[in-house]
Each structure stands twice: as C-alpha cells, then as structure tokens.
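Visitor: Once you've had a glance at the structure underneath, I'll fire off some questions.
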Amino acid sequence: MAGSGKGLAARLYRGEADVDIVGRRKLWFTVAGIAIIIAIASMLVRGFTLGIEFEGGNQYNVPVKVGTLEQVEQAFTDAGVSVKTGQTVGDNQYIIKTELITDAERQTDIKESVAQHFNITPEQISDSAVSTSWGGQVTNKAALSLAIFLAAVLVYLIARFEWRMAVAAVASLLLDLILTGGVYSLVGFEVTPSTVIGFLTILGFALYDVVVVFDKVQENTRGITGSSTSTYSEAANLAVNQTLMRSINTGLVALLPVGGLLFIGAGLLGAGTLKDLGLVLFIGMGVAVYSSIFFATPVLAELKSREPRLQQHANRVKAKRSAQAKEAAARTTSGPARDSDGVPVGGGGTAKTVERSELAGAAPRPGARPAARPGQGKRPRAGGRPGGGGSGRR
C-alpha cells in the first residue's frame with residue numbers, strides 16, 4: 001500500500017493520475033446544488049447573527065478581574081439588557097455587545113448596576129454606541145464593494161480569456177460566497193466589517209486559483225479542432241489534473257497561516273479582533289479550493305460543449321475512435337494474417353516452418369530412395385555393386 005501511495009502522489013505531481021473530474025461534472029453539480037439549497041434555506045430561515053456595526057447596539061468593556069465571561073454576561077442580563085455577544089480580548093478585558101440603548105439615563109443605570117454587582121466603580125466600565133444608520137451605511141458599502149469587484153473580475157476575464165471562462169469563474173466565486181455565508185448562518189457566527197473584508201480576500205484567493213487552471217485549459221485546448229485525438233472536455237480535464245497538486249498545495253499553504261491566525265491568535269492569545277477575519281478566511285479558502293477544482297472547470301466544459309464547432313469536433317473524435325475499435329475487433333476475430341502458402345505471419349507458422357526445414361536439409365527417411373547425385377545418373381554394370389569393386393556374385 002505504501003508503494004502505491006507514493007506512486008499515486010508522483011502521478012499527481014506529474015499530472016498523470018488521470019482523475020476524471022470534468023467527465024463527472026454532473027456529480028459535482030449535484031453536490032454543489034445540494035449545498036447551495038441548504039445554505040440559502042438557512043439564510044432565509046435562520047438569517048445571520050449581525051454585529052452591532054450592521055444593526056446598531058452598545059458595546060461595554062469590562063475588566064477581566066471581575067470574574068468569568070459568563071458571569072459578566074449574566075450581570076448585564078440581570079440589569080435588563082439583551083446581550084448579543086461577549087468575548088475576551090487579550091487578558092485584561094471583556095467586550096460585551098448588547099442591543100441598542102438610546103436612552104442615556106438607562107445606559108448609566110446599566111453601568112452602575114453591573115459595577116455594583118462586581119464591587120467596582122462605574123468608571124471602570126467603558127461604553128460606546130453604534131446607531132442603526134451607521135450600520136446601514138456599512139452594509140451598503142459592503143454590497144457596493146462586492147458588486148464592483150465582481151464586475152472588474154468579469155471584465156478582466158473576458159479580456160484575458162473569453163466570456164465563457166468569465167462566466168464560469170464568476171459562478172465559482174458566487175458559489176464561494178453562498179457556501180461561506182451558509183456556514184455562517186448555520187453555525188451562527190457573528191458578521192462584522194472584518195467578515196466583509198475577509199469575503200473580499202476570499203474572492204481574490206479563489207480568483208487566483210481559477211485563473212491558473214483556466215490558463216492551463218487555454219494552453220491545452222488551443223487549436224484542438226485541428227486534430228482528432230481528444231475532445232475539449234478531455235483536454236480541460238487534463239489541465240485540471242496537471243494543476244491539481246498546485247491547487248491543493250496553494251490551498252494548504254494559505255490555510256496554515258490563517259489557521260494559526262484563528263486558533264493561536266484568537267483562540268490561545270485571545271486576540272478577539274483577529275477572530276472574525278481569521279474565521280471567514282479559513283472557511284472561505286477551504287470552499288475556494290473545492291470550487292476551483294470541482295466546479296469552475298466543469299462549468300466551463302459544460303458551456304463549451306454547447307458550442308456547435310466543438311460539438312462537431314467531439315463527434316469526429318468519437319467516430320474515429322469507434323472506427324479504430326471496430327478495426328481492432330476485426331483483427332482479433334479474423335486471426336493473424338497468412339502468406340501465399342497459408343502460413344501465419346508473425347510467429348503463427350511454427351509447424352509449417354519446421355516441416356519446410358525438414359524437407360530442405362534433413363536426412364532422408366528410412367527406405368526412401370536417395371536423390372541422384374551429379375555423375376551417378378547411369379545404371380551400374382550387371383553383377384556389380386554401384387561404384388564397382390564387387391565380385392558380381394549374388
């Protein structure tokens with residue numbers, strides 16, 4: 001098993017593994033379709049856990065020395081305010097985000113209630129408020145940035161490749177956004193401005209990988225209609241195989257530092273500001289690796305298969321292969337070719353060849369009359385043996 005594993009790894013690196021990705025595109029489309037349905041259903045039913053930057057709210061900073069995060073959240077709840085999220089930042093304070101409180105007097109009462117609960121002064125608790133209007137501006141700017149990015153990608157890919165490749169690439173990017181958003185909705189991760197920045201970073205990473213694959217596809221399919229050796233889908237599948245390990249390695253190399261940012265920076269060191277950015281990058285890049293391999297090129301092959309000239313080319317390739325298969329089958333059923341004497345050509349006439357060699361140079365059979373030699377064509381004299389020297393007696 002070890003040897004076969006090394007052999008597979010070597011073939012993957014050389015692009016010789018011949019993994020049928022494009023040929024099984026209906027399977028990948030089905031998987032992507034099911035995932036999209038689940039993600040959209042979760043977005044519609046569960047929605048998103050929006051940070052106070054998007055829907056407004058209040059933020060309180062409480063010293064860590066007062067107790068655990070759960071105790072602090074419970075103190076705010078007892079003070080009559082709804083807590084949205086709470087997190088530890090560093091090793092010296094908690095950040096508690098609550099619903100929007102517009103009444104200044106109530107804000108003061110909440111701070112005093114929490115301070116009294118932990119026997120600290122209200123001045124040790126800092127607070128700030130974010131209005132809903134500011135959150136709406138953030139949402140609009142995020143949507144505008146996303147639309148501009150996708151439009152720029154579309155224009156670039158049309159100029160660099162063609163419109164079918166542009167459509168396939170944008171479809172792959174949209175898949176990344178939908179699936180990443182679905183994970184956020186299902187798990188309940190908080191959506192913050194850092195999340196939006198992470199989304200745009202994901203799209204840039206996914207676009208890079210797709211462009212690498214498409215560049216190889218373009219190289220393999222250039223002038224493909226001039227030969228009858230392979231179809232467009234087969235050449236595209238070869239390009240995916242040739243860049244498969246590069247895509248996997250790129251994804252792993254990108255996920256390792258992001259994982260360190262998320263699990264070490266946010267988890268162990270308590271850098272809460274890194275959590276939102278690291279989380280969306282980790283999820284989105286993992287989805288991008290899948291979409292660049294199993295979705296972008298299959299979508300491109302599906303679009304190209306509808307092009308009339310490529311359909312005709314595919315039919316020619318299939319017809320040529322069918323004729324070659326019939327010719328091979330005919331040779332197999334009719335047996336080896338024979339020469340004018342009926343001897344099989346190419347090793348099939350062993351018995352006949354042996355018989356000929358015996359006739360040509362082997363000793364005569366017992367009782368057989370020897371062939372006449374030169375000068376011995378006359379009858380011997382009566383009473384004598386051939387060649388003379390005999391007495392003539394019988």
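We name chains A, B, ... following the order of the structure tokens; residues begin at 1 in each chain, and ligands are numbered from 1 as shown.
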List as a VMD selection string the protein and nucleic acid residues near Val210 in chain A, meaning an atom at most 12 Å away when only C-alpha atoms are counted, but skip any in the same chain fewer than 6 places from it.

Guide: chain A and resid 153 157 161 165 to 173 203 to 204 216 to 217 239 to 240 243 to 244 246 to 247 250 288 to 300

Visitor: Since we have the selection now, will you write its residues out, keeping N, CA and C atoms, as a compact mmCIF listing (two decimals), in the first residue's frame?

Guide:
```
# COMPACT_ATOMS: atom_id res chain seq x y z
N VAL A 153 -13.79 41.67 -12.15
CA VAL A 153 -13.34 40.31 -12.46
C VAL A 153 -13.90 39.87 -13.80
N LEU A 157 -11.54 38.89 -17.04
CA LEU A 157 -11.52 37.54 -17.58
C LEU A 157 -12.00 37.49 -19.03
N PHE A 161 -9.37 35.93 -21.32
CA PHE A 161 -9.73 34.63 -21.88
C PHE A 161 -10.89 34.78 -22.86
N MET A 165 -15.31 31.54 -20.01
CA MET A 165 -14.43 31.41 -18.87
C MET A 165 -14.77 32.44 -17.80
N ALA A 166 -15.14 33.63 -18.22
CA ALA A 166 -15.52 34.66 -17.25
C ALA A 166 -16.77 34.25 -16.48
N VAL A 167 -17.75 33.70 -17.19
CA VAL A 167 -18.99 33.26 -16.54
C VAL A 167 -18.70 32.12 -15.57
N ALA A 168 -17.87 31.16 -15.99
CA ALA A 168 -17.54 30.03 -15.12
C ALA A 168 -16.80 30.51 -13.87
N ALA A 169 -15.88 31.45 -14.02
CA ALA A 169 -15.12 31.95 -12.87
C ALA A 169 -16.02 32.70 -11.90
N VAL A 170 -16.90 33.57 -12.41
CA VAL A 170 -17.80 34.32 -11.54
C VAL A 170 -18.78 33.37 -10.85
N ALA A 171 -19.23 32.34 -11.56
CA ALA A 171 -20.10 31.34 -10.92
C ALA A 171 -19.38 30.65 -9.77
N SER A 172 -18.08 30.37 -9.95
CA SER A 172 -17.30 29.76 -8.88
C SER A 172 -17.17 30.71 -7.69
N LEU A 173 -16.97 32.00 -7.96
CA LEU A 173 -16.86 32.98 -6.86
C LEU A 173 -18.18 33.12 -6.11
N LEU A 203 -12.42 36.03 -2.25
CA LEU A 203 -12.66 36.11 -3.69
C LEU A 203 -11.35 36.30 -4.45
N GLY A 204 -10.45 37.10 -3.90
CA GLY A 204 -9.17 37.28 -4.55
C GLY A 204 -8.37 35.98 -4.60
N LYS A 216 -4.08 27.04 -18.01
CA LYS A 216 -3.66 25.72 -18.49
C LYS A 216 -4.69 25.13 -19.44
N VAL A 217 -5.96 25.35 -19.17
CA VAL A 217 -7.02 24.88 -20.08
C VAL A 217 -6.86 25.53 -21.44
N ALA A 239 -5.95 19.48 -18.05
CA ALA A 239 -5.43 20.72 -17.44
C ALA A 239 -5.69 20.72 -15.94
N VAL A 240 -6.87 20.26 -15.53
CA VAL A 240 -7.17 20.19 -14.09
C VAL A 240 -6.21 19.23 -13.40
N THR A 243 -2.76 20.73 -12.91
CA THR A 243 -2.67 21.79 -11.90
C THR A 243 -3.29 21.36 -10.57
N LEU A 244 -3.67 20.08 -10.46
CA LEU A 244 -4.37 19.61 -9.27
C LEU A 244 -3.52 19.77 -8.01
N ARG A 246 -0.94 21.61 -7.60
CA ARG A 246 -0.65 23.02 -7.35
C ARG A 246 -1.80 23.69 -6.61
N SER A 247 -3.03 23.37 -7.00
CA SER A 247 -4.19 23.94 -6.32
C SER A 247 -4.27 23.46 -4.87
N THR A 250 -1.42 25.10 -2.90
CA THR A 250 -1.72 26.51 -2.68
C THR A 250 -2.74 26.68 -1.57
N ALA A 288 -13.09 27.61 -1.43
CA ALA A 288 -12.49 28.03 -2.70
C ALA A 288 -11.66 26.93 -3.33
N VAL A 289 -10.98 26.14 -2.52
CA VAL A 289 -10.19 25.03 -3.08
C VAL A 289 -11.12 24.04 -3.79
N TYR A 290 -12.27 23.75 -3.16
CA TYR A 290 -13.23 22.83 -3.79
C TYR A 290 -13.78 23.42 -5.09
N SER A 291 -14.19 24.68 -5.04
CA SER A 291 -14.84 25.27 -6.21
C SER A 291 -13.89 25.42 -7.39
N SER A 292 -12.62 25.75 -7.12
CA SER A 292 -11.68 25.93 -8.22
C SER A 292 -11.35 24.61 -8.92
N ILE A 293 -11.43 23.48 -8.19
CA ILE A 293 -11.11 22.18 -8.78
C ILE A 293 -12.34 21.51 -9.35
N PHE A 294 -13.41 21.46 -8.56
CA PHE A 294 -14.55 20.63 -8.92
C PHE A 294 -15.74 21.41 -9.48
N PHE A 295 -15.61 22.73 -9.61
CA PHE A 295 -16.78 23.48 -10.09
C PHE A 295 -16.46 24.39 -11.28
N ALA A 296 -15.38 25.16 -11.19
CA ALA A 296 -15.10 26.17 -12.22
C ALA A 296 -14.87 25.53 -13.59
N THR A 297 -13.94 24.59 -13.68
CA THR A 297 -13.64 23.96 -14.97
C THR A 297 -14.81 23.10 -15.48
N PRO A 298 -15.49 22.31 -14.64
CA PRO A 298 -16.68 21.61 -15.13
C PRO A 298 -17.74 22.54 -15.70
N VAL A 299 -17.96 23.70 -15.07
CA VAL A 299 -18.91 24.67 -15.63
C VAL A 299 -18.43 25.16 -16.99
N LEU A 300 -17.14 25.43 -17.10
CA LEU A 300 -16.59 25.86 -18.38
C LEU A 300 -16.78 24.78 -19.45
```

Visitor: Residues at most 7 Å from range 27-36 of chain A, counting only C-alpha atoms, excluding those fewer than 3 positions away in the same chain, as a list of chain:residue names?

Guide: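 Close residues of range 27-36 of chain A: A:Arg24, A:Ala39, A:Ile40, A:Ile178, A:Leu179, A:Phe294, A:Phe295.
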
Visitor: Give the strand (DSSP E) residues of range 13-256 of chain A, as assigned by DSSP on the backbone, as a list of chain:residue names.

Guide: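 Strand (DSSP E) assignments inside range 13-256 of chain A correspond to A:Thr49, A:Leu50, A:Gly57, A:Asn58, A:Gln59, A:Tyr60, A:Asn61, A:Val62, A:Pro63, A:Val83, A:Lys84, A:Thr85, A:Gly86, A:Gln87, A:Thr88, A:Val89, A:Gln93, A:Tyr94, A:Ile95, A:Ile96, A:Lys97, A:Thr98, A:Ser126, A:Asp127, A:Ser128, A:Ala129, A:Val130, A:Glu190, A:Val191.
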
Visitor: Please list as a VMD selection string every residue within 10 Å of Ser133 in chain A, counting only C-alpha atoms and excluding residues in the same chain fewer than 2 positions away.

Guide: chain A and resid 53 to 56 130 to 131 135 to 139

Visitor: Go ahead and write the residues just picked, C-alpha atoms, as a JSON list (two decimals), in the first residue's frame.

Guide:
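That gives us result_21.json:
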```json
[["chain", "number", "residue", "atom", "x", "y", "z"],
["A", 53, "GLU", "CA", -21.80, 47.59, 13.31],
["A", 54, "PHE", "CA", -24.61, 46.48, 10.97],
["A", 55, "GLU", "CA", -27.76, 46.73, 13.05],
["A", 56, "GLY", "CA", -26.69, 49.09, 15.81],
["A", 130, "VAL", "CA", -23.37, 52.41, 17.21],
["A", 131, "SER", "CA", -26.51, 53.71, 15.50],
["A", 135, "GLY", "CA", -24.74, 50.04, 10.29],
["A", 136, "GLY", "CA", -26.85, 50.56, 7.18],
["A", 137, "GLN", "CA", -24.04, 52.56, 5.59],
["A", 138, "VAL", "CA", -21.61, 49.75, 6.28],
["A", 139, "THR", "CA", -23.98, 47.25, 4.65]]
```

Visitor: Taking only C-alpha atoms into account, which of A:Asp209, A:Leu238, A:Phe214, A:Gln324 comes nearest Gly251 in chain A?

Guide: A:Asp209

Visitor: Could you state the separation of CA of Ser128 in chain A and CA of Gly47 in chain A in Å, given to one decimal place?

Guide: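 Rounded to one decimal, the two atoms are 25.8 Å apart.
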
Visitor: Using only C-alpha atoms, which protein or nucleic acid residues come within 6 Å of range 282-287 of chain A? Drop anything in the same chain fewer than 2 positions from it, and give the result as a PyMOL selection string.

Guide: chain A and resi 176+180+202+279-280+289-290

Visitor: Please provide as a list of chain:residue names all residues within 10 Å of Val187 in chain A, with the sequence filter that same-chain residues fewer than 5 positions apart are discarded (counting only C-alpha atoms).

Guide: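 Here the answer would be A:Ser42, A:Arg46, A:Phe48, A:Thr49, A:Gly182.
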
Visitor: Neighbours of Gly67 in chain A within 12 Å (only C-alpha atoms; same-chain residues fewer than 2 positions away dropped), as a VMD selection string?

Guide: chain A and resid 62 to 65 69 to 75 88 92 to 94 114 117 to 120
